[in-house]
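What's in final.cif: mmCIF, C-alpha atoms and all ligand atoms
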```cif
data_structure
#
loop_
_atom_site.label_atom_id
_atom_site.label_comp_id
_atom_site.auth_asym_id
_atom_site.auth_seq_id
_atom_site.Cartn_x
_atom_site.Cartn_y
_atom_site.Cartn_z
CA MET A 1457 -41.98 -82.17 14.24
CA TRP A 1458 -42.14 -84.79 11.48
CA LYS A 1459 -45.69 -85.46 10.33
CA PRO A 1460 -46.82 -88.63 8.51
CA GLU A 1461 -47.02 -88.40 4.74
CA PRO A 1462 -50.57 -87.30 3.82
CA ALA A 1463 -52.84 -89.49 1.70
CA LEU A 1464 -53.08 -88.30 -1.90
CA THR A 1465 -56.55 -86.81 -1.44
CA ASP A 1466 -55.40 -84.99 1.68
CA LEU A 1467 -52.30 -83.72 -0.11
CA ARG A 1468 -54.48 -82.33 -2.90
CA TYR A 1469 -56.69 -80.67 -0.27
CA LEU A 1470 -53.68 -79.15 1.52
CA LEU A 1471 -52.34 -77.74 -1.74
CA ASP A 1472 -55.73 -76.40 -2.71
CA ARG A 1473 -56.19 -74.71 0.65
CA ALA A 1474 -52.69 -73.18 0.51
CA GLY A 1475 -53.20 -72.09 -3.11
CA LEU A 1476 -50.14 -74.06 -4.20
CA THR A 1477 -50.08 -74.87 -7.91
CA ARG A 1478 -47.94 -77.30 -9.92
CA GLU A 1479 -45.97 -74.33 -11.27
CA THR A 1480 -45.16 -72.98 -7.78
CA LEU A 1481 -44.15 -76.41 -6.47
CA LEU A 1482 -41.83 -77.00 -9.44
CA ALA A 1483 -40.28 -73.55 -8.90
CA GLN A 1484 -39.81 -74.38 -5.21
CA TYR A 1485 -38.19 -77.72 -6.11
CA ARG A 1486 -35.77 -76.01 -8.50
CA LEU A 1487 -34.93 -73.27 -5.98
CA MET A 1488 -34.24 -75.78 -3.20
CA CYS A 1489 -31.97 -77.68 -5.61
CA LEU A 1490 -30.16 -74.44 -6.48
CA ILE A 1491 -29.59 -73.65 -2.80
CA ARG A 1492 -28.29 -77.19 -2.11
CA ALA A 1493 -25.98 -77.14 -5.14
CA PHE A 1494 -24.76 -73.63 -4.26
CA GLU A 1495 -23.97 -74.54 -0.64
CA GLU A 1496 -22.21 -77.79 -1.52
CA SER A 1497 -20.13 -76.00 -4.19
CA ILE A 1498 -19.14 -73.30 -1.68
CA ALA A 1499 -18.15 -76.07 0.77
CA ASP A 1500 -15.87 -77.61 -1.88
CA ARG A 1501 -14.20 -74.31 -2.72
CA TYR A 1502 -13.94 -73.31 0.95
CA ALA A 1503 -11.98 -76.52 1.70
CA VAL A 1504 -9.30 -75.62 -0.87
CA GLY A 1505 -6.05 -74.75 0.91
CA LYS A 1506 -7.51 -75.59 4.33
CA THR A 1507 -6.39 -79.21 4.48
CA PRO A 1508 -4.68 -81.15 5.98
CA VAL A 1509 -4.38 -78.46 8.67
CA PHE A 1510 -7.48 -76.29 9.01
CA ASN A 1511 -6.51 -72.68 8.55
CA MET A 1512 -9.40 -70.25 8.26
CA ALA A 1513 -7.24 -67.64 6.56
CA ALA A 1514 -6.04 -69.95 3.76
CA GLY A 1515 -7.57 -70.69 0.34
CA PRO A 1516 -9.81 -68.72 -2.03
CA ILE A 1517 -12.56 -68.15 0.58
CA ARG A 1518 -11.37 -66.76 3.89
CA GLY A 1519 -12.99 -66.44 7.30
CA GLU A 1520 -15.76 -68.47 8.89
CA MET A 1521 -18.39 -70.31 6.86
CA HIS A 1522 -21.88 -71.38 7.99
CA LEU A 1523 -23.84 -73.36 5.41
CA SER A 1524 -27.52 -74.24 5.30
CA SER A 1525 -27.81 -77.62 3.54
CA GLY A 1526 -30.92 -79.38 4.92
CA GLN A 1527 -32.72 -76.12 5.79
CA GLU A 1528 -33.83 -75.14 2.27
CA ALA A 1529 -37.56 -75.68 2.82
CA VAL A 1530 -37.77 -72.98 5.51
CA ALA A 1531 -36.23 -70.28 3.32
CA VAL A 1532 -38.14 -71.27 0.19
CA GLY A 1533 -41.50 -71.85 1.89
CA VAL A 1534 -41.43 -68.39 3.47
CA CYS A 1535 -39.75 -66.33 0.74
CA SER A 1536 -41.94 -67.61 -2.10
CA LEU A 1537 -44.71 -65.52 -0.49
CA LEU A 1538 -42.67 -62.30 -0.55
CA THR A 1539 -42.07 -59.66 -3.20
CA ASP A 1540 -38.93 -57.58 -3.75
CA ALA A 1541 -40.57 -54.78 -1.74
CA ASP A 1542 -40.85 -56.93 1.41
CA ALA A 1543 -37.84 -56.99 3.71
CA VAL A 1544 -35.86 -59.97 4.96
CA VAL A 1545 -33.27 -59.82 7.73
CA SER A 1546 -31.21 -62.97 8.06
CA THR A 1547 -28.44 -64.37 10.23
CA HIS A 1548 -24.87 -65.68 10.22
CA ARG A 1549 -26.25 -68.59 8.10
CA PRO A 1550 -27.76 -66.48 5.33
CA HIS A 1551 -27.20 -68.02 1.85
CA HIS A 1552 -30.47 -69.97 1.59
CA HIS A 1553 -32.48 -66.90 2.63
CA ALA A 1554 -30.59 -64.69 0.18
CA LEU A 1555 -31.15 -67.04 -2.77
CA ALA A 1556 -34.79 -67.58 -1.83
CA LYS A 1557 -35.29 -63.78 -1.69
CA GLY A 1558 -34.12 -63.66 -5.30
CA ILE A 1559 -30.57 -62.38 -4.89
CA ASP A 1560 -28.39 -63.05 -7.91
CA PRO A 1561 -26.32 -66.23 -7.21
CA GLY A 1562 -23.26 -64.80 -9.03
CA ARG A 1563 -23.15 -61.60 -6.97
CA LEU A 1564 -23.73 -63.64 -3.80
CA ALA A 1565 -20.87 -66.03 -4.65
CA ALA A 1566 -18.61 -63.10 -5.53
CA GLU A 1567 -19.28 -61.52 -2.12
CA ILE A 1568 -18.41 -64.80 -0.41
CA PHE A 1569 -15.12 -64.89 -2.37
CA GLY A 1570 -14.43 -61.24 -1.37
CA LYS A 1571 -14.54 -60.03 -4.99
CA ALA A 1572 -15.28 -56.53 -6.34
CA THR A 1573 -18.40 -57.80 -8.18
CA GLY A 1574 -19.96 -58.99 -4.90
CA LEU A 1575 -23.12 -57.58 -3.32
CA CYS A 1576 -21.00 -55.35 -1.04
CA ARG A 1577 -18.01 -55.09 -3.38
CA GLY A 1578 -16.34 -57.90 -1.42
CA LYS A 1579 -16.23 -56.04 1.88
CA GLY A 1580 -18.99 -57.89 3.72
CA GLY A 1581 -18.15 -61.52 3.13
CA HIS A 1582 -20.50 -64.42 3.71
CA MET A 1583 -22.11 -63.14 6.96
CA HIS A 1584 -22.62 -59.51 5.95
CA LEU A 1585 -24.72 -59.51 2.81
CA PHE A 1586 -26.78 -56.52 1.79
CA ASP A 1587 -28.97 -55.92 -1.24
CA ALA A 1588 -31.05 -52.74 -1.20
CA GLU A 1589 -33.03 -53.71 -4.32
CA LYS A 1590 -34.06 -57.06 -2.87
CA ARG A 1591 -34.41 -55.52 0.60
CA PHE A 1592 -32.16 -58.12 2.15
CA ALA A 1593 -29.71 -57.79 5.03
CA CYS A 1594 -28.04 -60.07 7.54
CA SER A 1595 -25.40 -59.97 10.25
CA GLY A 1596 -23.18 -62.19 12.34
CA ILE A 1597 -24.69 -60.91 15.57
CA VAL A 1598 -27.01 -63.60 16.93
CA GLY A 1599 -30.46 -62.20 17.74
CA ALA A 1600 -29.94 -58.99 15.72
CA SER A 1601 -32.44 -59.88 12.99
CA TYR A 1602 -35.49 -59.33 15.24
CA PRO A 1603 -35.09 -55.60 16.02
CA GLN A 1604 -33.73 -54.86 12.55
CA ALA A 1605 -36.75 -56.44 10.85
CA ALA A 1606 -39.04 -54.71 13.36
CA GLY A 1607 -37.49 -51.41 12.24
CA ALA A 1608 -38.34 -52.18 8.61
CA ALA A 1609 -41.86 -53.22 9.67
CA PHE A 1610 -42.24 -49.98 11.64
CA SER A 1611 -41.27 -47.99 8.56
CA PHE A 1612 -43.77 -49.90 6.36
CA ARG A 1613 -46.54 -49.19 8.84
CA ALA A 1614 -45.63 -45.54 9.28
CA ARG A 1615 -45.79 -45.06 5.50
CA GLY A 1616 -49.05 -46.95 5.26
CA GLU A 1617 -47.51 -49.55 2.91
CA ALA A 1618 -48.70 -53.15 2.81
CA GLN A 1619 -45.23 -54.70 2.93
CA VAL A 1620 -44.06 -57.14 5.59
CA ALA A 1621 -40.68 -57.69 7.19
CA VAL A 1622 -39.41 -61.17 7.98
CA ALA A 1623 -36.77 -61.87 10.61
CA PHE A 1624 -35.11 -65.27 10.27
CA SER A 1625 -33.24 -66.61 13.28
CA GLY A 1626 -31.93 -69.81 14.78
CA GLU A 1627 -33.58 -71.37 17.84
CA GLY A 1628 -30.51 -70.36 19.88
CA ALA A 1629 -31.16 -66.73 19.01
CA ALA A 1630 -34.73 -67.03 20.30
CA ASN A 1631 -33.24 -67.39 23.80
CA HIS A 1632 -31.73 -63.91 23.52
CA GLY A 1633 -33.30 -60.81 25.02
CA THR A 1634 -33.93 -59.23 21.61
CA PHE A 1635 -36.63 -61.85 20.95
CA SER A 1636 -38.63 -60.64 23.94
CA GLU A 1637 -37.93 -56.94 23.41
CA THR A 1638 -38.95 -57.10 19.76
CA LEU A 1639 -42.16 -59.01 20.43
CA THR A 1640 -43.13 -56.57 23.16
CA ALA A 1641 -42.94 -53.59 20.79
CA ALA A 1642 -44.17 -55.38 17.65
CA ALA A 1643 -47.30 -56.66 19.41
CA LEU A 1644 -48.03 -53.28 20.99
CA TRP A 1645 -47.69 -51.45 17.67
CA GLN A 1646 -49.17 -54.31 15.60
CA LEU A 1647 -46.18 -54.26 13.25
CA PRO A 1648 -46.23 -56.28 10.00
CA LEU A 1649 -43.43 -58.51 11.27
CA VAL A 1650 -43.06 -62.27 10.87
CA ILE A 1651 -40.40 -63.95 12.99
CA VAL A 1652 -39.23 -67.30 11.63
CA ILE A 1653 -37.32 -69.44 14.10
CA GLU A 1654 -35.29 -71.95 12.16
CA ASP A 1655 -35.09 -74.62 14.81
CA ASN A 1656 -32.23 -76.88 13.71
CA LEU A 1657 -31.86 -78.33 17.25
CA TYR A 1658 -28.38 -76.93 17.88
CA ALA A 1659 -26.83 -73.57 18.66
CA ASP A 1660 -23.25 -74.21 17.62
CA SER A 1661 -22.45 -77.33 19.71
CA THR A 1662 -25.21 -76.75 22.31
CA PRO A 1663 -28.24 -79.01 21.84
CA LYS A 1664 -31.57 -77.34 22.32
CA TRP A 1665 -32.46 -79.45 25.36
CA ALA A 1666 -29.40 -78.11 27.21
CA ALA A 1667 -30.50 -74.48 26.75
CA LEU A 1668 -34.30 -74.56 27.04
CA ALA A 1669 -36.60 -75.93 29.75
CA GLY A 1670 -39.20 -77.14 27.30
CA PRO A 1671 -39.51 -78.44 23.76
CA HIS A 1672 -40.10 -75.21 21.81
CA GLN A 1673 -39.54 -71.44 21.86
CA SER A 1674 -42.58 -70.41 19.79
CA PRO A 1675 -45.24 -70.86 22.55
CA ARG A 1676 -43.62 -67.88 24.28
CA ALA A 1677 -45.21 -65.68 21.62
CA GLN A 1678 -48.60 -66.22 23.25
CA ALA A 1679 -47.40 -64.25 26.29
CA TYR A 1680 -47.17 -61.22 23.98
CA ASN A 1681 -50.57 -61.88 22.43
CA VAL A 1682 -48.86 -62.95 19.21
CA PRO A 1683 -49.90 -66.14 17.36
CA ALA A 1684 -47.34 -68.91 16.87
CA TYR A 1685 -47.24 -71.68 14.28
CA LEU A 1686 -45.13 -74.79 14.78
CA VAL A 1687 -44.28 -76.49 11.48
CA ASP A 1688 -42.23 -79.27 9.95
CA GLY A 1689 -39.27 -77.33 8.55
CA MET A 1690 -38.28 -80.27 6.35
CA ASP A 1691 -41.56 -79.92 4.45
CA VAL A 1692 -41.86 -76.90 2.17
CA ILE A 1693 -45.66 -77.28 1.92
CA ASP A 1694 -46.12 -77.20 5.70
CA VAL A 1695 -43.85 -74.14 5.97
CA TYR A 1696 -45.63 -72.39 3.09
CA ALA A 1697 -49.12 -72.98 4.54
CA ALA A 1698 -48.20 -71.43 7.92
CA ALA A 1699 -46.18 -68.61 6.33
CA LYS A 1700 -49.11 -67.75 4.06
CA ARG A 1701 -51.33 -67.24 7.07
CA ALA A 1702 -48.70 -65.27 9.02
CA ILE A 1703 -47.71 -63.06 6.09
CA GLU A 1704 -51.27 -62.40 4.87
CA ARG A 1705 -52.48 -61.39 8.32
CA ALA A 1706 -49.44 -59.14 8.84
CA ARG A 1707 -50.02 -57.53 5.43
CA ALA A 1708 -53.66 -56.94 6.28
CA GLY A 1709 -52.74 -55.06 9.48
CA TYR A 1710 -53.32 -57.81 12.06
CA GLY A 1711 -49.82 -57.57 13.49
CA PRO A 1712 -46.87 -59.89 14.05
CA ALA A 1713 -46.65 -63.68 14.12
CA VAL A 1714 -44.02 -66.26 14.98
CA ILE A 1715 -43.29 -69.41 12.98
CA GLU A 1716 -41.07 -72.12 14.43
CA ALA A 1717 -39.85 -74.51 11.74
CA VAL A 1718 -38.17 -77.65 13.04
CA CYS A 1719 -35.38 -78.65 10.69
CA TYR A 1720 -31.80 -79.90 10.68
CA ARG A 1721 -28.47 -78.74 9.33
CA TYR A 1722 -26.60 -81.49 7.54
CA ARG A 1723 -23.16 -79.86 7.74
CA GLY A 1724 -21.31 -78.70 10.86
CA HIS A 1725 -22.15 -75.44 12.62
CA PHE A 1726 -19.24 -74.02 10.63
CA GLU A 1727 -17.03 -75.62 8.00
CA GLY A 1728 -14.21 -77.24 9.96
CA ASP A 1729 -16.51 -78.17 12.88
CA GLY A 1730 -15.43 -81.50 14.44
CA GLU A 1731 -19.13 -82.27 15.21
CA ASP A 1732 -18.37 -84.35 18.31
CA TYR A 1733 -21.68 -83.25 19.87
CA ARG A 1734 -23.84 -85.40 17.59
CA THR A 1735 -23.72 -88.84 15.99
CA ARG A 1736 -23.51 -89.85 12.33
CA GLU A 1737 -26.69 -91.88 12.87
CA GLU A 1738 -28.60 -88.79 13.95
CA VAL A 1739 -27.50 -86.93 10.82
CA GLU A 1740 -28.52 -89.90 8.64
CA GLN A 1741 -31.95 -90.10 10.31
CA TRP A 1742 -32.62 -86.48 9.43
CA ARG A 1743 -31.24 -86.88 5.92
CA ALA A 1744 -33.95 -89.50 5.40
CA LEU A 1745 -36.45 -86.63 5.77
CA ASP A 1746 -34.71 -84.57 3.10
CA PRO A 1747 -36.99 -81.70 1.97
CA ILE A 1748 -35.95 -81.90 -1.69
CA THR A 1749 -36.46 -85.67 -1.96
CA ARG A 1750 -39.82 -85.40 -0.17
CA LEU A 1751 -41.11 -82.68 -2.47
CA GLY A 1752 -39.87 -84.66 -5.50
CA ARG A 1753 -41.75 -87.75 -4.34
CA ARG A 1754 -44.93 -85.74 -3.88
CA LEU A 1755 -44.64 -84.18 -7.33
CA VAL A 1756 -44.42 -87.71 -8.76
CA ARG A 1757 -47.35 -88.94 -6.64
CA LEU A 1758 -49.45 -86.03 -7.86
CA GLU A 1759 -48.36 -86.83 -11.44
CA TRP A 1760 -47.18 -83.22 -11.70
CA ALA A 1761 -43.66 -84.36 -12.66
CA ASP A 1762 -41.85 -87.54 -13.62
CA GLU A 1763 -38.31 -88.55 -12.64
CA ALA A 1764 -36.88 -87.13 -15.88
CA THR A 1765 -38.44 -83.69 -15.23
CA LEU A 1766 -37.01 -83.66 -11.70
CA ALA A 1767 -33.57 -84.72 -12.96
CA GLY A 1768 -33.75 -81.88 -15.50
CA LEU A 1769 -34.50 -79.34 -12.76
CA ARG A 1770 -31.64 -80.68 -10.64
CA ASP A 1771 -29.24 -80.37 -13.60
CA GLU A 1772 -30.43 -76.84 -14.28
CA ALA A 1773 -29.81 -75.91 -10.63
CA GLU A 1774 -26.33 -77.50 -10.68
CA ARG A 1775 -25.46 -75.51 -13.80
CA ALA A 1776 -26.71 -72.24 -12.25
CA ALA A 1777 -24.64 -72.85 -9.10
CA ALA A 1778 -21.53 -73.72 -11.15
CA GLU A 1779 -21.99 -70.58 -13.25
CA ALA A 1780 -22.25 -68.44 -10.08
CA ILE A 1781 -18.99 -69.90 -8.73
CA ARG A 1782 -17.28 -69.43 -12.10
CA PHE A 1783 -18.38 -65.76 -12.15
CA ALA A 1784 -17.01 -65.26 -8.62
CA GLU A 1785 -13.68 -66.95 -9.37
CA ALA A 1786 -13.19 -64.96 -12.58
CA SER A 1787 -14.02 -61.63 -10.90
CA PRO A 1788 -11.29 -59.23 -9.75
CA LEU A 1789 -10.47 -58.45 -6.14
CA PRO A 1790 -11.32 -54.90 -5.01
CA GLU A 1791 -8.65 -52.30 -5.80
CA PRO A 1792 -6.51 -51.19 -2.83
CA HIS A 1793 -7.73 -47.59 -3.22
CA GLU A 1794 -11.30 -48.80 -2.50
CA ALA A 1795 -10.35 -49.94 1.01
CA LEU A 1796 -11.97 -46.97 2.76
CA MET A 1797 -14.86 -46.47 0.34
CA GLY A 1798 -18.27 -47.14 1.87
CA VAL A 1799 -16.73 -47.38 5.33
CA PHE A 1800 -18.26 -45.29 8.09
CA ALA A 1801 -15.96 -44.18 10.85
C1 LIG B 1901 -24.56 -61.92 20.15
C2 LIG B 1901 -23.77 -63.12 19.75
N1 LIG B 1901 -23.47 -64.06 20.67
C3 LIG B 1901 -22.75 -65.16 20.31
C4 LIG B 1901 -22.32 -65.32 19.02
C5 LIG B 1901 -21.53 -66.57 18.61
N2 LIG B 1901 -22.40 -67.48 17.84
C6 LIG B 1901 -22.39 -67.47 16.49
S1 LIG B 1901 -23.51 -68.56 15.85
C7 LIG B 1901 -23.99 -69.05 17.39
C8 LIG B 1901 -25.06 -70.09 17.56
C9 LIG B 1901 -26.39 -69.66 16.98
O1 LIG B 1901 -27.32 -70.70 17.08
P1 LIG B 1901 -28.73 -70.56 16.41
O2 LIG B 1901 -29.34 -69.25 16.73
O3 LIG B 1901 -29.51 -71.76 16.80
O4 LIG B 1901 -28.42 -70.56 14.84
P2 LIG B 1901 -27.79 -71.74 13.94
O5 LIG B 1901 -26.31 -71.56 13.97
O6 LIG B 1901 -28.23 -73.03 14.49
O7 LIG B 1901 -28.32 -71.47 12.57
C10 LIG B 1901 -23.29 -68.37 18.38
C11 LIG B 1901 -23.47 -68.57 19.82
C12 LIG B 1901 -22.63 -64.31 18.09
N3 LIG B 1901 -22.24 -64.39 16.82
N4 LIG B 1901 -23.38 -63.23 18.47
MG MG B 1902 -29.79 -73.55 15.77
#
```

Re-express the file's structure as structure tokens.
Amino acid sequence: MWKPEPALTDLRYLLDRAGLTRETLLAQYRLMCLIRAFEESIADRYAVGKTPVFNMAAGPIRGEMHLSSGQEAVAVGVCSLLTDADAVVSTHRPHHHALAKGIDPGRLAAEIFGKATGLCRGKGGHMHLFDAEKRFACSGIVGASYPQAAGAAFSFRARGEAQVAVAFSGEGAANHGTFSETLTAAALWQLPLVIVIEDNLYADSTPKWAALAGPHQSPRAQAYNVPAYLVDGMDVIDVYAAAKRAIERARAGYGPAVIEAVCYRYRGHFEGDGEDYRTREEVEQWRALDPITRLGRRLVRLEWADEATLAGLRDEAERAAAEAIRFAEASPLPEPHEALMGVFA
């Protein structure tokens, strides 16, 4: 889905048309850097105690871990158009969406570490984040985000509120029945729902071509009378421009839309993944399209930032990520008597 770098005049036109200002682009750059620094720091801490023999139950962070490095532009491009009152339902790979939706990095890190100061008091862990204030939820069940977000969208519509609900998913999830079922109802009821397929070319170790008889999932939306936008998910401006259209039309009562953002995950499907289904060269080719580097280069071309400003924003993001991890590590574990609190049986 890579598109050639636009000429400077065209870039200015694209930004103008999307309503993207210098301030917004710098904020997006900083947020993408925060997400990258956060994910890489979690990867470092997750590895503690799990080498030389990988043991998921060992170390300060237990259980499975799915990180999003490389996919920052999708989360940031979409979520910078949302307010706290809009809803986001994410997946088993949720950290970039959570941070882009404005969730506090410290409380997110604490949840990942299973600490009492976490979003769910340490009971959810990395795949089960919930923040009522930021209207954010996710789950480890692939394909669950579609009907859950449709439920939020249904509620917004029933109350006559102008909020939208966004369902993030992987491209593997878009092959599940829930994709079809949700689009059927959402199109019929014209729900303010935006489905974002984060097409990172793999579902676990299964390449997309081995699971789909065609290049993309998004054209299926047309069968439900729902518009689809195919974008370069390694380009925050391309994502933002499509998301603006999808979100604005949903807010205005024109019903659901689907965005398919082609991107790439730099790390394994999960931490500890042997990654024998892809080559190092392939990963390096995609890294050359890095969304943070590309936005940085554009900011310099536009003379909206110089290298020193960008380095300052990267440092700031590194410090914020380190502070979040420090907060999580210093936080207490939940008390034993809390074990059954907030549990529904
Ligand atoms: C209903 C269900 N089936 C299978 C799984 C196991 N599983 C976890 S992640 C995953 C792959 C998902 O791929 P994709 O939707 O492309 O998301 P990505 O991991 O690439 O972000 C699978 C099969 C699951 N968690 N839930
Ligand atoms: Mg995938």

| message | Please compute the CA of Lys1557 (chain A)-CA of Tyr1485 (chain A) distance, one decimal, in Å. | response | 14.9 Å

| message | 12 Å from ligand MG 1902 (chain B) is the threshold here; counting only C-alpha atoms and all ligand atoms, which polymer residues fall inside it? Answer as an MDAnalysis selection string. | response | chainID A and resid 1522:1524 1527 1547:1549 1598:1599 1624:1631 1653:1665 1667 1673 1716:1722 1724:1726

| request: Might you pull out every residue within 9 Å of Val1682 (chain A), with all atoms listed in the file counted and same-chain residues fewer than 6 positions away left off, and present them as a list in words? | output: Leu1639, Ala1643, Arg1676, Gly1711, Pro1712, Ala1713 and Val1714 of chain A

| Near Pro1561 (chain A), counting all atoms listed in the file, which residues have an atom at most 8 Å away, once you skip same-chain residues fewer than 2 positions from it, shown as a VMD selection string? | chain A and resid 1555 1559 1563 to 1565 1776 to 1777 1780

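Using all atoms listed in the file for every distance, the candidate list A:Glu1772, A:Asp1732, A:Glu1759, A:Glu1520 yields A:Glu1520 as the residue closest to ligand LIG 1901 (chain B).
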
| Using all atoms listed in the file, which of A:Leu1769, A:Ala1493, A:Ile1597, A:Ala1744 sits nearest ligand LIG 1901 (chain B)? |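 Smallest separation from ligand LIG 1901 (chain B) among the options: A:Ile1597.
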
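Interatomic distance, atom C6 of ligand LIG 1901 (chain B) to CA of His1632 (chain A): 12.2 Å.
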
| said: Excluding His1552 (chain A) and its own-chain neighbours fewer than 4 positions away, which residues fall within 9 Å of it when counting all atoms listed in the file? Please give them as number ranges by chain. | reply: A: 1488, 1491-1492, 1494-1495, 1523-1525, 1527-1528, 1530-1532, 1556-1557

Save out the residues we just selected, C-alpha atoms, as a PDB file, in the frame of the given file.
```pdb
ATOM      1  CA  MET A1488     -34.240 -75.780  -3.200  1.00  0.00           C
ATOM      2  CA  ILE A1491     -29.590 -73.650  -2.800  1.00  0.00           C
ATOM      3  CA  ARG A1492     -28.290 -77.190  -2.110  1.00  0.00           C
ATOM      4  CA  PHE A1494     -24.760 -73.630  -4.260  1.00  0.00           C
ATOM      5  CA  GLU A1495     -23.970 -74.540  -0.640  1.00  0.00           C
ATOM      6  CA  LEU A1523     -23.840 -73.360   5.410  1.00  0.00           C
ATOM      7  CA  SER A1524     -27.520 -74.240   5.300  1.00  0.00           C
ATOM      8  CA  SER A1525     -27.810 -77.620   3.540  1.00  0.00           C
ATOM      9  CA  GLN A1527     -32.720 -76.120   5.790  1.00  0.00           C
ATOM     10  CA  GLU A1528     -33.830 -75.140   2.270  1.00  0.00           C
ATOM     11  CA  VAL A1530     -37.770 -72.980   5.510  1.00  0.00           C
ATOM     12  CA  ALA A1531     -36.230 -70.280   3.320  1.00  0.00           C
ATOM     13  CA  VAL A1532     -38.140 -71.270   0.190  1.00  0.00           C
ATOM     14  CA  ALA A1556     -34.790 -67.580  -1.830  1.00  0.00           C
ATOM     15  CA  LYS A1557     -35.290 -63.780  -1.690  1.00  0.00           C
TER      16      LYS A1557
END
```

| query | So, counting all atoms listed in the file, which residue among A:Gly1616, A:Ala1677, A:Gly1570, A:Lys1506 is closest to Phe1635 (chain A)? | reply |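 Comparing A:Gly1616, A:Ala1677, A:Gly1570, A:Lys1506 against Phe1635 (chain A), the winner is A:Ala1677.
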
| field | Which of A:Ile1517, A:Met1797, A:Ala1606, A:Leu1487 sits closest to Ser1536 (chain A) [using only C-alpha atoms] | value | A:Leu1487

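Among A:Glu1479, A:Asp1542, A:Glu1727, A:Glu1461, the residue with the shortest atom-to-atom distance to ligand LIG 1901 (chain B), counting only C-alpha atoms and all ligand atoms, is A:Glu1727.
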
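The closest residue to Ser1611 (chain A), picked from A:Cys1576, A:Ala1773, A:Ala1588, A:Leu1649 and counting only C-alpha atoms, is A:Leu1649.
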
| said: If I take CA of Pro1460 (chain A) and CA of Ala1529 (chain A), how far is one from the other in Å, to one decimal? | reply: 16.9 Å

To box ligand LIG 1901 (chain B), take all atoms listed in the file, fit an axis-aligned box, add 4 Å on each side, and give centre and edge lengths in Å to one decimal, as AutoDock Vina command-line options.
```
--center_x -25.5 --center_y -67.5 --center_z 16.6 --size_x 16.0 --size_y 19.1 --size_z 16.1
```
